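Participant: File follows, upload32.cif with mmCIF, C-alpha atoms (C1' of nucleotides):
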```
data_protein
loop_
_atom_site.label_atom_id
_atom_site.label_comp_id
_atom_site.auth_asym_id
_atom_site.auth_seq_id
_atom_site.Cartn_x
_atom_site.Cartn_y
_atom_site.Cartn_z
CA MET A 22 18.00 7.81 -8.94
CA GLY A 23 16.56 7.36 -5.50
CA GLY A 24 13.54 5.16 -5.67
CA ASN A 25 11.41 6.60 -2.93
CA GLY A 26 10.48 9.99 -4.21
CA ARG A 27 12.48 11.57 -1.43
CA GLU A 28 13.99 14.12 -3.75
CA PRO A 29 14.26 17.61 -2.29
CA ALA A 30 11.39 18.89 -4.40
CA PRO A 31 11.25 22.69 -4.38
CA THR A 32 8.45 24.12 -2.31
CA ALA A 33 6.87 27.54 -2.41
CA ARG A 34 8.77 30.04 -0.32
CA LEU A 35 5.68 30.82 1.68
CA LEU A 36 5.43 27.21 2.78
CA ALA A 37 9.15 26.89 3.30
CA GLU A 38 8.90 29.72 5.77
CA SER A 39 5.79 28.41 7.47
CA THR A 40 6.54 26.98 10.87
CA GLY A 41 3.54 24.70 10.62
CA TRP A 42 4.59 23.27 7.30
CA LEU A 43 8.16 22.75 8.39
CA LEU A 44 6.94 21.10 11.54
CA ASN A 45 4.94 18.60 9.54
CA ASP A 46 7.79 17.94 7.15
CA ALA A 47 10.26 17.34 9.94
CA ALA A 48 7.82 15.17 11.86
CA ARG A 49 7.14 13.04 8.80
CA GLU A 50 10.84 12.62 8.20
CA VAL A 51 11.53 11.47 11.74
CA THR A 52 8.48 9.23 11.80
CA LEU A 53 9.53 7.50 8.60
CA ARG A 54 12.97 6.81 9.98
CA ILE A 55 11.78 5.48 13.30
CA GLU A 56 9.15 3.28 11.71
CA GLU A 57 11.82 1.98 9.38
CA ALA A 58 14.07 1.14 12.32
CA LEU A 59 11.29 -0.63 14.21
CA LYS A 60 10.17 -2.63 11.20
CA GLY A 61 12.68 -5.33 12.00
CA ASP A 62 10.85 -6.05 15.25
CA ASP A 63 7.49 -5.76 13.53
CA LEU A 64 6.43 -2.86 15.71
CA ARG A 65 4.99 0.56 15.00
CA TRP A 66 6.01 3.74 16.72
CA ARG A 67 2.68 3.77 18.53
CA ASP A 68 3.41 0.34 19.97
CA TYR A 69 6.73 1.57 21.25
CA GLY A 70 4.97 4.55 22.79
CA VAL A 71 2.61 2.26 24.67
CA LEU A 72 5.50 0.25 26.07
CA VAL A 73 7.38 3.37 27.11
CA VAL A 74 4.37 4.83 28.88
CA LEU A 75 3.83 1.59 30.75
CA GLU A 76 7.49 1.39 31.67
CA ALA A 77 7.36 4.86 33.13
CA ALA A 78 3.96 4.85 34.80
CA GLY A 79 3.25 1.24 35.68
CA PRO A 80 -0.07 -0.50 34.96
CA LEU A 81 -2.71 1.66 33.28
CA SER A 82 -6.09 1.20 31.64
CA GLN A 83 -6.34 1.21 27.86
CA GLN A 84 -8.10 4.53 27.82
CA GLU A 85 -5.52 6.14 30.05
CA ILE A 86 -2.75 4.99 27.73
CA GLY A 87 -4.71 6.32 24.79
CA ARG A 88 -5.17 9.67 26.47
CA ARG A 89 -1.46 10.04 27.10
CA LEU A 90 -0.53 9.14 23.54
CA ALA A 91 -3.46 10.81 21.79
CA VAL A 92 -4.62 7.48 20.39
CA ASP A 93 -8.31 6.73 19.99
CA ARG A 94 -9.85 4.25 22.42
CA SER A 95 -11.06 1.95 19.66
CA THR A 96 -7.60 1.91 18.12
CA MET A 97 -6.13 1.02 21.50
CA VAL A 98 -8.15 -2.18 21.55
CA HIS A 99 -6.29 -3.50 18.57
CA ILE A 100 -2.88 -2.23 19.65
CA ILE A 101 -3.16 -3.99 23.00
CA ASP A 102 -4.49 -7.11 21.26
CA VAL A 103 -1.28 -7.35 19.31
CA LEU A 104 1.06 -6.52 22.17
CA GLU A 105 -0.71 -9.05 24.37
CA GLN A 106 -0.47 -11.79 21.75
CA ARG A 107 3.24 -11.18 21.53
CA GLY A 108 3.58 -11.44 25.27
CA LEU A 109 4.90 -7.93 25.70
CA VAL A 110 2.06 -6.76 27.92
CA LEU A 111 -0.35 -8.47 30.29
CA ARG A 112 -4.06 -7.74 30.19
CA SER A 113 -5.87 -8.39 33.45
CA ARG A 114 -8.88 -6.92 35.16
CA ASP A 115 -8.21 -3.98 37.42
CA ARG A 116 -8.93 -5.21 40.94
CA THR A 117 -10.42 -1.96 42.13
CA ASP A 118 -12.46 -1.25 38.99
CA ARG A 119 -13.65 -4.27 37.14
CA ARG A 120 -14.78 -2.24 34.15
CA ALA A 121 -11.19 -1.50 33.25
CA TYR A 122 -8.26 -3.61 32.26
CA SER A 123 -4.92 -3.23 33.92
CA ILE A 124 -2.33 -3.23 31.18
CA GLU A 125 1.05 -4.15 32.49
CA LEU A 126 4.47 -4.57 31.00
CA THR A 127 5.77 -8.15 31.10
CA ASP A 128 9.39 -9.09 31.71
CA PRO A 129 9.95 -9.91 28.03
CA GLY A 130 8.37 -6.56 27.21
CA ARG A 131 10.70 -4.74 29.54
CA ALA A 132 13.67 -6.64 28.22
CA LEU A 133 12.79 -5.82 24.62
CA LEU A 134 12.60 -2.16 25.53
CA VAL A 135 15.93 -2.06 27.30
CA GLU A 136 17.91 -4.28 25.00
CA VAL A 137 16.48 -3.44 21.61
CA LEU A 138 13.96 -0.65 21.30
CA HIS A 139 15.55 2.07 23.37
CA PRO A 140 18.94 1.68 21.65
CA LEU A 141 17.27 1.55 18.25
CA THR A 142 15.27 4.72 18.63
CA ALA A 143 18.16 6.50 20.30
CA GLU A 144 20.28 5.69 17.29
CA VAL A 145 17.73 7.13 14.92
CA HIS A 146 17.45 10.24 17.00
CA SER A 147 21.13 10.86 17.07
CA SER A 148 21.27 10.19 13.35
CA VAL A 149 18.54 12.69 12.68
CA THR A 150 19.65 15.39 15.08
CA GLY A 151 23.30 14.60 14.74
CA LYS A 152 24.01 17.71 12.74
CA LEU A 153 22.70 19.90 15.50
CA THR A 154 24.79 21.12 18.37
CA ASP A 155 23.78 20.02 21.86
CA GLU A 156 22.65 23.55 22.43
CA ASP A 157 20.47 23.60 19.34
CA ARG A 158 18.93 20.30 20.29
CA ALA A 159 18.08 21.45 23.78
CA HIS A 160 16.71 24.67 22.39
CA LEU A 161 14.60 22.77 19.90
CA ASN A 162 13.14 20.44 22.49
CA ARG A 163 12.28 23.34 24.75
CA ILE A 164 10.49 25.22 22.00
CA LEU A 165 8.65 22.15 20.76
CA ALA A 166 7.41 21.33 24.22
CA GLN A 167 6.10 24.86 24.43
CA LEU A 168 4.26 24.56 21.12
CA ALA A 169 2.79 21.17 21.91
CA GLY A 170 1.82 22.33 25.36
CA GLY A 171 -1.05 24.25 23.85
CA THR A 172 -2.63 27.42 25.15
CA MET B 2 -13.97 19.72 32.29
CA GLY B 3 -12.66 20.50 28.81
CA GLY B 4 -14.55 18.52 26.23
CA ASN B 5 -11.99 17.64 23.65
CA GLY B 6 -9.52 15.47 25.46
CA ARG B 7 -6.88 18.15 25.06
CA GLU B 8 -5.89 17.89 28.68
CA PRO B 9 -2.16 18.00 29.27
CA ALA B 10 -2.02 14.28 29.94
CA PRO B 11 1.27 13.36 31.55
CA THR B 12 3.61 11.54 29.24
CA ALA B 13 6.58 9.38 30.07
CA ARG B 14 9.69 11.43 30.59
CA LEU B 15 11.49 9.47 27.92
CA LEU B 16 8.93 10.52 25.34
CA ALA B 17 8.74 14.08 26.67
CA GLU B 18 12.45 14.33 25.96
CA SER B 19 12.28 12.67 22.58
CA THR B 20 12.70 15.15 19.77
CA GLY B 21 10.71 12.94 17.45
CA TRP B 22 7.79 12.65 19.82
CA LEU B 23 7.74 16.36 20.53
CA LEU B 24 7.90 17.04 16.83
CA ASN B 25 4.83 14.96 16.22
CA ASP B 26 2.94 16.50 19.12
CA ALA B 27 3.72 20.02 17.99
CA ALA B 28 2.87 19.22 14.38
CA ARG B 29 -0.46 17.70 15.39
CA GLU B 30 -1.27 20.75 17.48
CA VAL B 31 -0.55 23.16 14.65
CA THR B 32 -2.36 21.02 12.10
CA LEU B 33 -5.48 20.88 14.24
CA ARG B 34 -5.54 24.62 14.61
CA ILE B 35 -5.03 25.36 10.95
CA GLU B 36 -7.62 22.81 9.86
CA GLU B 37 -10.00 24.38 12.33
CA ALA B 38 -9.36 27.83 10.90
CA LEU B 39 -9.87 26.65 7.31
CA LYS B 40 -13.04 24.75 8.11
CA GLY B 41 -15.11 27.88 7.57
CA ASP B 42 -14.07 27.90 3.91
CA ASP B 43 -14.53 24.16 3.63
CA LEU B 44 -10.90 23.59 2.76
CA ARG B 45 -8.21 21.29 4.11
CA TRP B 46 -4.64 22.27 4.75
CA ARG B 47 -3.58 20.20 1.75
CA ASP B 48 -5.89 22.22 -0.48
CA TYR B 49 -4.32 25.41 0.79
CA GLY B 50 -0.91 23.94 0.08
CA VAL B 51 -1.87 23.23 -3.51
CA LEU B 52 -3.03 26.79 -4.01
CA VAL B 53 0.11 28.22 -2.46
CA VAL B 54 2.36 26.10 -4.63
CA LEU B 55 0.49 27.17 -7.75
CA GLU B 56 0.61 30.79 -6.68
CA ALA B 57 4.36 30.59 -6.30
CA ALA B 58 5.30 28.40 -9.25
CA GLY B 59 2.62 28.96 -11.85
CA PRO B 60 0.90 26.13 -13.74
CA LEU B 61 2.05 22.62 -12.83
CA SER B 62 1.00 19.05 -13.51
CA GLN B 63 -0.84 17.12 -10.81
CA GLN B 64 2.12 14.89 -10.16
CA GLU B 65 4.48 17.79 -9.84
CA ILE B 66 2.24 19.39 -7.23
CA GLY B 67 2.04 16.09 -5.42
CA ARG B 68 5.80 15.73 -5.41
CA ARG B 69 6.26 19.14 -3.88
CA LEU B 70 3.71 18.54 -1.17
CA ALA B 71 4.43 14.86 -0.57
CA VAL B 72 0.89 13.92 -1.59
CA ASP B 73 0.21 10.70 -3.45
CA ARG B 74 -0.68 10.98 -7.13
CA SER B 75 -3.98 9.18 -6.67
CA THR B 76 -4.95 11.52 -3.85
CA MET B 77 -4.12 14.50 -6.04
CA VAL B 78 -6.80 13.45 -8.52
CA HIS B 79 -9.50 14.00 -5.95
CA ILE B 80 -8.01 17.18 -4.51
CA ILE B 81 -7.89 18.82 -7.93
CA ASP B 82 -11.39 17.54 -8.69
CA VAL B 83 -12.71 19.50 -5.74
CA LEU B 84 -10.66 22.64 -6.33
CA GLU B 85 -11.71 22.64 -9.97
CA GLN B 86 -15.40 22.25 -9.12
CA ARG B 87 -15.12 25.23 -6.82
CA GLY B 88 -13.52 27.26 -9.57
CA LEU B 89 -10.30 27.86 -7.67
CA VAL B 90 -8.08 26.14 -10.22
CA LEU B 91 -8.31 25.49 -13.94
CA ARG B 92 -7.57 22.06 -15.39
CA SER B 93 -6.47 22.09 -18.99
CA ARG B 94 -4.23 19.93 -21.14
CA ASP B 95 -0.61 20.89 -21.19
CA ARG B 96 0.07 22.11 -24.72
CA THR B 97 3.55 20.66 -24.87
CA ASP B 98 2.72 17.34 -23.22
CA ARG B 99 -0.78 16.09 -23.81
CA ARG B 100 -0.47 13.36 -21.22
CA ALA B 101 -0.37 15.93 -18.45
CA TYR B 102 -2.82 18.48 -17.18
CA SER B 103 -1.79 22.03 -16.60
CA ILE B 104 -3.25 23.04 -13.26
CA GLU B 105 -3.54 26.76 -12.97
CA LEU B 106 -4.77 29.16 -10.33
CA THR B 107 -7.89 31.10 -11.37
CA ASP B 108 -8.55 34.70 -10.44
CA PRO B 109 -11.08 33.71 -7.77
CA GLY B 110 -8.52 31.24 -6.44
CA ARG B 111 -5.87 33.92 -6.22
CA ALA B 112 -8.31 36.32 -4.61
CA LEU B 113 -9.32 33.76 -2.01
CA LEU B 114 -5.68 33.21 -1.14
CA VAL B 115 -4.85 36.87 -0.76
CA GLU B 116 -8.01 38.03 0.95
CA VAL B 117 -8.89 35.09 3.14
CA LEU B 118 -6.52 32.17 3.36
CA HIS B 119 -3.17 33.89 3.83
CA PRO B 120 -4.50 36.15 6.61
CA LEU B 121 -6.24 33.18 8.24
CA THR B 122 -3.20 30.95 8.39
CA ALA B 123 -0.96 33.82 9.36
CA GLU B 124 -3.21 34.48 12.30
CA VAL B 125 -3.02 30.88 13.44
CA HIS B 126 0.72 30.93 13.13
CA SER B 127 1.14 34.04 15.17
CA SER B 128 -1.27 32.61 17.72
CA VAL B 129 0.71 29.39 17.95
CA THR B 130 4.19 30.86 17.90
CA GLY B 131 3.18 34.07 19.61
CA LYS B 132 4.91 33.15 22.81
CA LEU B 133 8.23 32.79 21.06
CA THR B 134 10.60 35.63 20.46
CA ASP B 135 11.36 36.51 16.86
CA GLU B 136 14.77 35.08 17.44
CA ASP B 137 13.39 31.79 18.72
CA ARG B 138 11.03 31.54 15.80
CA ALA B 139 13.77 32.11 13.27
CA HIS B 140 15.98 29.63 15.07
CA LEU B 141 13.18 27.07 15.09
CA ASN B 142 12.47 27.44 11.39
CA ARG B 143 16.12 27.09 10.56
CA ILE B 144 16.49 23.91 12.58
CA LEU B 145 13.28 22.41 11.24
CA ALA B 146 14.32 23.05 7.67
CA GLN B 147 17.55 21.25 8.44
CA LEU B 148 15.72 18.25 9.90
CA ALA B 149 13.23 18.05 7.06
CA GLY B 150 15.96 18.50 4.51
CA GLY B 151 16.88 14.86 4.97
CA THR B 152 20.27 13.27 4.65
"C1'" DT C 11 11.21 4.38 -39.01
"C1'" DA C 12 9.97 1.01 -35.53
"C1'" DC C 13 10.05 -0.59 -31.00
"C1'" DA C 14 10.69 -0.44 -26.09
"C1'" DA C 15 10.62 2.17 -21.89
"C1'" DA C 16 9.03 5.81 -19.19
"C1'" DT C 17 5.44 9.22 -17.87
"C1'" DC C 18 0.68 11.40 -16.68
"C1'" DA C 19 -3.79 10.80 -15.13
"C1'" DT C 20 -7.13 7.68 -13.67
"C1'" DC C 21 -9.39 3.82 -11.42
"C1'" DA C 22 -10.14 -0.23 -8.54
"C1'" DG C 23 -8.84 -2.66 -4.57
"C1'" DC C 24 -6.54 -3.11 -0.14
"C1'" DT C 25 -5.03 -1.38 4.34
"C1'" DC C 26 -4.81 1.58 8.24
"C1'" DT C 27 -6.54 5.06 11.30
"C1'" DA C 28 -9.88 8.10 13.11
"C1'" DC C 29 -14.41 8.87 14.55
"C1'" DT C 30 -19.36 7.72 15.76
"C1'" DG C 31 -22.86 5.33 17.96
"C1'" DA C 32 -24.58 1.32 20.28
"C1'" DT C 33 -24.02 -2.37 23.69
"C1'" DT C 34 -22.58 -4.67 27.94
"C1'" DG C 35 -20.91 -4.67 32.44
"C1'" DA C 36 -19.57 -2.02 36.38
"C1'" DC C 37 -19.22 1.95 39.41
"C1'" DA C 38 -21.13 6.09 42.18
"C1'" DG C 39 -24.51 9.37 43.99
"C1'" DG C 40 -28.87 10.64 45.54
"C1'" DC D 29 -32.95 1.22 43.58
"C1'" DC D 30 -32.45 4.64 39.62
"C1'" DT D 31 -29.87 7.52 36.97
"C1'" DG D 32 -25.72 8.93 35.06
"C1'" DT D 33 -21.08 7.96 34.02
"C1'" DC D 34 -17.26 5.23 32.54
"C1'" DA D 35 -14.33 1.05 30.46
"C1'" DA D 36 -14.00 -1.93 26.77
"C1'" DT D 37 -15.81 -3.69 22.64
"C1'" DC D 38 -17.87 -3.89 18.07
"C1'" DA D 39 -19.93 -2.35 13.72
"C1'" DG D 40 -20.10 1.02 10.36
"C1'" DT D 41 -18.33 5.02 7.93
"C1'" DA D 42 -15.00 8.10 5.98
"C1'" DG D 43 -10.48 9.64 4.52
"C1'" DA D 44 -5.60 8.91 2.97
"C1'" DG D 45 -1.87 6.06 1.52
"C1'" DC D 46 -0.17 2.52 -1.46
"C1'" DT D 47 -0.26 -0.88 -5.38
"C1'" DG D 48 -1.06 -2.38 -9.69
"C1'" DA D 49 -3.41 -1.99 -13.99
"C1'" DT D 50 -4.86 0.75 -18.13
"C1'" DG D 51 -4.87 4.13 -22.03
"C1'" DA D 52 -2.78 7.82 -24.12
"C1'" DT D 53 1.43 10.01 -25.02
"C1'" DT D 54 6.19 11.13 -25.06
"C1'" DT D 55 11.04 9.91 -25.33
"C1'" DG D 56 15.11 7.21 -26.19
"C1'" DT D 57 17.27 3.98 -29.03
"C1'" DA D 58 18.41 0.43 -32.34
#
```
Before anything else, please render the file you have as structure tokens.

Facilitator:
Amino acid sequence: MGGNGREPAPTARLLAESTGWLLNDAAREVTLRIEEALKGDDLRWRDYGVLVVLEAAGPLSQQEIGRRLAVDRSTMVHIIDVLEQRGLVLRSRDRTDRRAYSIELTDPGRALLVEVLHPLTAEVHSSVTGKLTDEDRAHLNRILAQLAGGT
Amino acid sequence: MGGNGREPAPTARLLAESTGWLLNDAAREVTLRIEEALKGDDLRWRDYGVLVVLEAAGPLSQQEIGRRLAVDRSTMVHIIDVLEQRGLVLRSRDRTDRRAYSIELTDPGRALLVEVLHPLTAEVHSSVTGKLTDEDRAHLNRILAQLAGGT
DNA sequence: TACAAATCATCAGCTCTACTGATTGACAGG
DNA sequence: CCTGTCAATCAGTAGAGCTGATGATTTGTA
């Protein structure tokens, strides 16, 4: 049988009806699939997140990226190390604040996003949410945004 | 301002519209709140999950619990160690299979669930999903179950 | 019966991530 | 200037996942 322990093991009804538990199950499922898809390019989902944020917002400091993605500052050091070594981002001193770096997307980084990463993740998303109607999907996103939005 | 970095940091639109990203954000939010609520009883959400599964299914082996909660077998060893030390579960050899333990809820464990843990987590849930209509909540649970259900 | 394969719990070792605290260099206000 | 704050870094710690090995036991099969 399937080798990965992904059998639909029965769960207690109380948990199966718990929004929190379902949320975690669904998130884990999606995360696994996206990480799997990105493995070919030797990237993690977090790395993709960094690139997307930079694409949308332009140059940012490491801490600012971390804040937006809820990644710890000390973890960001390593993430940017790797992305810089691969030439996907450029690390230079911020001209107006020499304490901070200015992390910037490079042309190869932008190209990788457009040509490979965006299509890849979009494919996973449509595979995962494919069974849902457009209406359901919109509804879901709206509700999730509300939950994540906090108080 | 707020001390915990829980500011509504702006995220790239592409991520804000990504079901997967929203799913992870919402799951993290709920997890944080539940862990916070359980901290008073010095329990983790996983521990609560173990107790709930045992309450619903009766005695199970460690591996079977782990399968149902998607927790690694080697992590289960430690979780049961702690729950056993606190007298919430009983670890005895399975009579029909002496390789396996039979993990069983004790009376104090059951009492803790009913009197403290269920009310606590229910409160967090209603606090988190309080802004949703009953209809939305039911819709959400249904969709999440579908997503987590896999293939 | 005898032997091989699979299973349960455990342990040791590795990795990854989060978090803390300290340090260095740089900014900003009084 | 002096003090406080902030960015990045590093070291150290803790927790969780995963792997592979082991011992005891069960199960399937020749």

Participant: Which residues are near Asp68 in chain A? Cut-off 8 Å, all atoms listed in the file, ignore same chain within fewer than 3 positions. Put them as a PyMOL selection string.

Facilitator: chain A and resi 64-65+71-72+100+104

Participant: Could you tell me how far C1' of DT37 in chain D sits from CA of Ile86 in chain A, in Å to one decimal place?

Facilitator: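 Taking CA of Ile86 in chain A and C1' of DT37 in chain D, their separation equals 16.5 Å.
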
Participant: Take the PyMOL selection byres ((chain A) within 8 of (chain C)), apply it to the structure above, and return the hits as a ChimeraX atom specification.

Facilitator: /A:93,96,118-120

Participant: If we count all atoms listed in the file and set the cut-off at 8 Å, which residues sit around DA35 in chain D, ignoring sequence neighbours fewer than 3 positions away in its own chain? Please answer as a PyMOL selection string.

Facilitator: chain A and resi 84+120-122

Participant: Just write the chosen residues, C-alpha atoms, as a compact mmCIF listing (two decimals), in the frame of the given file.

Facilitator:
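Saved to result.txt:
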```txt
# COMPACT_ATOMS: atom_id res chain seq x y z
CA GLN A 84 -8.10 4.53 27.82
CA ARG A 120 -14.78 -2.24 34.15
CA ALA A 121 -11.19 -1.50 33.25
CA TYR A 122 -8.26 -3.61 32.26
```

Participant: Produce the least-squares-superposed copy of chain B, fitted on chain A over all in-order C-alpha pairs, as a short mmCIF file (atom, residue, chain, number, x, y, z; two decimals) with C-alpha atoms, in the coordinates of the input.

Facilitator:
```
data_model
loop_
_atom_site.label_atom_id
_atom_site.label_comp_id
_atom_site.auth_asym_id
_atom_site.auth_seq_id
_atom_site.Cartn_x
_atom_site.Cartn_y
_atom_site.Cartn_z
CA MET B 2 17.79 8.34 -9.56
CA GLY B 3 16.69 7.77 -5.97
CA GLY B 4 13.77 5.41 -5.86
CA ASN B 5 11.63 6.68 -3.07
CA GLY B 6 10.54 10.10 -4.19
CA ARG B 7 12.57 11.64 -1.39
CA GLU B 8 14.10 14.17 -3.72
CA PRO B 9 14.34 17.65 -2.28
CA ALA B 10 11.44 18.87 -4.38
CA PRO B 11 11.31 22.64 -4.38
CA THR B 12 8.49 24.04 -2.33
CA ALA B 13 6.92 27.46 -2.46
CA ARG B 14 8.83 29.96 -0.40
CA LEU B 15 5.74 30.76 1.60
CA LEU B 16 5.47 27.16 2.74
CA ALA B 17 9.22 26.83 3.25
CA GLU B 18 8.94 29.69 5.71
CA SER B 19 5.83 28.39 7.41
CA THR B 20 6.58 26.98 10.83
CA GLY B 21 3.59 24.70 10.59
CA TRP B 22 4.62 23.27 7.26
CA LEU B 23 8.20 22.74 8.37
CA LEU B 24 6.95 21.10 11.51
CA ASN B 25 4.96 18.60 9.53
CA ASP B 26 7.81 17.91 7.13
CA ALA B 27 10.27 17.34 9.93
CA ALA B 28 7.82 15.17 11.85
CA ARG B 29 7.13 13.04 8.78
CA GLU B 30 10.85 12.61 8.19
CA VAL B 31 11.51 11.47 11.74
CA THR B 32 8.46 9.22 11.80
CA LEU B 33 9.52 7.48 8.60
CA ARG B 34 12.95 6.79 9.98
CA ILE B 35 11.75 5.45 13.29
CA GLU B 36 9.10 3.26 11.69
CA GLU B 37 11.78 1.95 9.38
CA ALA B 38 14.04 1.14 12.31
CA LEU B 39 11.26 -0.65 14.21
CA LYS B 40 10.13 -2.65 11.21
CA GLY B 41 12.66 -5.36 12.00
CA ASP B 42 10.82 -6.08 15.25
CA ASP B 43 7.46 -5.80 13.56
CA LEU B 44 6.39 -2.91 15.73
CA ARG B 45 4.96 0.53 15.01
CA TRP B 46 5.98 3.71 16.73
CA ARG B 47 2.66 3.74 18.56
CA ASP B 48 3.40 0.31 20.00
CA TYR B 49 6.73 1.56 21.25
CA GLY B 50 4.97 4.53 22.79
CA VAL B 51 2.61 2.25 24.68
CA LEU B 52 5.50 0.26 26.09
CA VAL B 53 7.39 3.37 27.11
CA VAL B 54 4.38 4.82 28.89
CA LEU B 55 3.84 1.58 30.78
CA GLU B 56 7.50 1.38 31.66
CA ALA B 57 7.37 4.86 33.13
CA ALA B 58 3.97 4.84 34.81
CA GLY B 59 3.28 1.23 35.69
CA PRO B 60 -0.05 -0.50 34.99
CA LEU B 61 -2.69 1.66 33.29
CA SER B 62 -6.08 1.21 31.68
CA GLN B 63 -6.35 1.22 27.90
CA GLN B 64 -8.07 4.56 27.87
CA GLU B 65 -5.49 6.13 30.09
CA ILE B 66 -2.72 5.00 27.76
CA GLY B 67 -4.68 6.33 24.83
CA ARG B 68 -5.13 9.69 26.50
CA ARG B 69 -1.44 10.04 27.12
CA LEU B 70 -0.51 9.15 23.57
CA ALA B 71 -3.44 10.83 21.82
CA VAL B 72 -4.62 7.50 20.43
CA ASP B 73 -8.31 6.77 20.04
CA ARG B 74 -9.85 4.30 22.47
CA SER B 75 -11.06 2.02 19.70
CA THR B 76 -7.59 1.93 18.17
CA MET B 77 -6.13 1.04 21.55
CA VAL B 78 -8.16 -2.17 21.62
CA HIS B 79 -6.30 -3.50 18.62
CA ILE B 80 -2.89 -2.24 19.70
CA ILE B 81 -3.17 -4.01 23.05
CA ASP B 82 -4.52 -7.11 21.33
CA VAL B 83 -1.30 -7.38 19.36
CA LEU B 84 1.05 -6.52 22.21
CA GLU B 85 -0.71 -9.05 24.41
CA GLN B 86 -0.49 -11.80 21.79
CA ARG B 87 3.23 -11.18 21.55
CA GLY B 88 3.56 -11.44 25.30
CA LEU B 89 4.90 -7.92 25.73
CA VAL B 90 2.06 -6.75 27.95
CA LEU B 91 -0.34 -8.46 30.33
CA ARG B 92 -4.07 -7.73 30.23
CA SER B 93 -5.87 -8.37 33.47
CA ARG B 94 -8.90 -6.91 35.21
CA ASP B 95 -8.23 -3.99 37.46
CA ARG B 96 -8.95 -5.23 40.97
CA THR B 97 -10.42 -1.95 42.14
CA ASP B 98 -12.45 -1.23 39.01
CA ARG B 99 -13.69 -4.27 37.17
CA ARG B 100 -14.78 -2.27 34.17
CA ALA B 101 -11.18 -1.51 33.30
CA TYR B 102 -8.25 -3.62 32.29
CA SER B 103 -4.92 -3.23 33.96
CA ILE B 104 -2.33 -3.23 31.20
CA GLU B 105 1.05 -4.15 32.51
CA LEU B 106 4.49 -4.57 31.02
CA THR B 107 5.78 -8.16 31.13
CA ASP B 108 9.39 -9.09 31.73
CA PRO B 109 9.96 -9.90 28.05
CA GLY B 110 8.37 -6.55 27.20
CA ARG B 111 10.70 -4.72 29.54
CA ALA B 112 13.68 -6.65 28.22
CA LEU B 113 12.79 -5.82 24.63
CA LEU B 114 12.60 -2.15 25.52
CA VAL B 115 15.93 -2.05 27.29
CA GLU B 116 17.91 -4.29 24.98
CA VAL B 117 16.48 -3.45 21.60
CA LEU B 118 13.96 -0.67 21.28
CA HIS B 119 15.55 2.09 23.35
CA PRO B 120 18.94 1.68 21.64
CA LEU B 121 17.24 1.53 18.23
CA THR B 122 15.26 4.72 18.61
CA ALA B 123 18.15 6.48 20.27
CA GLU B 124 20.27 5.68 17.27
CA VAL B 125 17.70 7.13 14.90
CA HIS B 126 17.44 10.23 16.99
CA SER B 127 21.14 10.84 17.06
CA SER B 128 21.25 10.18 13.34
CA VAL B 129 18.50 12.69 12.69
CA THR B 130 19.61 15.38 15.10
CA GLY B 131 23.28 14.58 14.76
CA LYS B 132 24.00 17.70 12.81
CA LEU B 133 22.69 19.89 15.59
CA THR B 134 24.77 21.08 18.47
CA ASP B 135 23.72 19.95 21.93
CA GLU B 136 22.63 23.48 22.53
CA ASP B 137 20.46 23.56 19.42
CA ARG B 138 18.89 20.26 20.33
CA ALA B 139 18.03 21.40 23.82
CA HIS B 140 16.68 24.65 22.44
CA LEU B 141 14.58 22.77 19.91
CA ASN B 142 13.09 20.44 22.49
CA ARG B 143 12.23 23.32 24.74
CA ILE B 144 10.46 25.22 21.99
CA LEU B 145 8.62 22.15 20.74
CA ALA B 146 7.37 21.34 24.20
CA GLN B 147 6.06 24.87 24.40
CA LEU B 148 4.25 24.57 21.07
CA ALA B 149 2.77 21.19 21.88
CA GLY B 150 1.79 22.34 25.32
CA GLY B 151 -1.18 24.12 23.80
CA THR B 152 -2.85 27.27 24.99
#
```

Participant: Should the cut-off be 7 Å, what would the residue list for chain A against chain B look like, counting all atoms listed in the file, as a short mmCIF file (atom, residue, chain, number, x, y, z; two decimals) with C-alpha atoms, in the coordinates of the input?

Facilitator:
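The file below, selection03.cif, is the result:
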```cif
data_model
loop_
_atom_site.label_atom_id
_atom_site.label_comp_id
_atom_site.auth_asym_id
_atom_site.auth_seq_id
_atom_site.Cartn_x
_atom_site.Cartn_y
_atom_site.Cartn_z
CA ALA A 30 11.39 18.89 -4.40
CA PRO A 31 11.25 22.69 -4.38
CA THR A 32 8.45 24.12 -2.31
CA ALA A 33 6.87 27.54 -2.41
CA THR A 40 6.54 26.98 10.87
CA GLY A 41 3.54 24.70 10.62
CA LEU A 43 8.16 22.75 8.39
CA LEU A 44 6.94 21.10 11.54
CA ASN A 45 4.94 18.60 9.54
CA ASP A 46 7.79 17.94 7.15
CA ALA A 47 10.26 17.34 9.94
CA ALA A 48 7.82 15.17 11.86
CA GLU A 50 10.84 12.62 8.20
CA VAL A 51 11.53 11.47 11.74
CA VAL A 73 7.38 3.37 27.11
CA VAL A 74 4.37 4.83 28.88
CA ALA A 77 7.36 4.86 33.13
CA ARG A 88 -5.17 9.67 26.47
CA ARG A 89 -1.46 10.04 27.10
CA VAL A 149 18.54 12.69 12.68
CA LEU A 161 14.60 22.77 19.90
CA ASN A 162 13.14 20.44 22.49
CA LEU A 165 8.65 22.15 20.76
CA ALA A 166 7.41 21.33 24.22
CA LEU A 168 4.26 24.56 21.12
CA ALA A 169 2.79 21.17 21.91
#
```

Participant: Would you compute the distance between CA of Gly79 in chain A and CA of Ser123 in chain A? Give it in Å to one decimal.

Facilitator: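 Value for the CA of Gly79 in chain A-CA of Ser123 in chain A distance: 9.5 Å.
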
Participant: Do you have the C1' of DA36 in chain D-CA of Glu125 in chain A distance handy?

Facilitator: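 CA of Glu125 in chain A lies 16.3 Å from C1' of DA36 in chain D.
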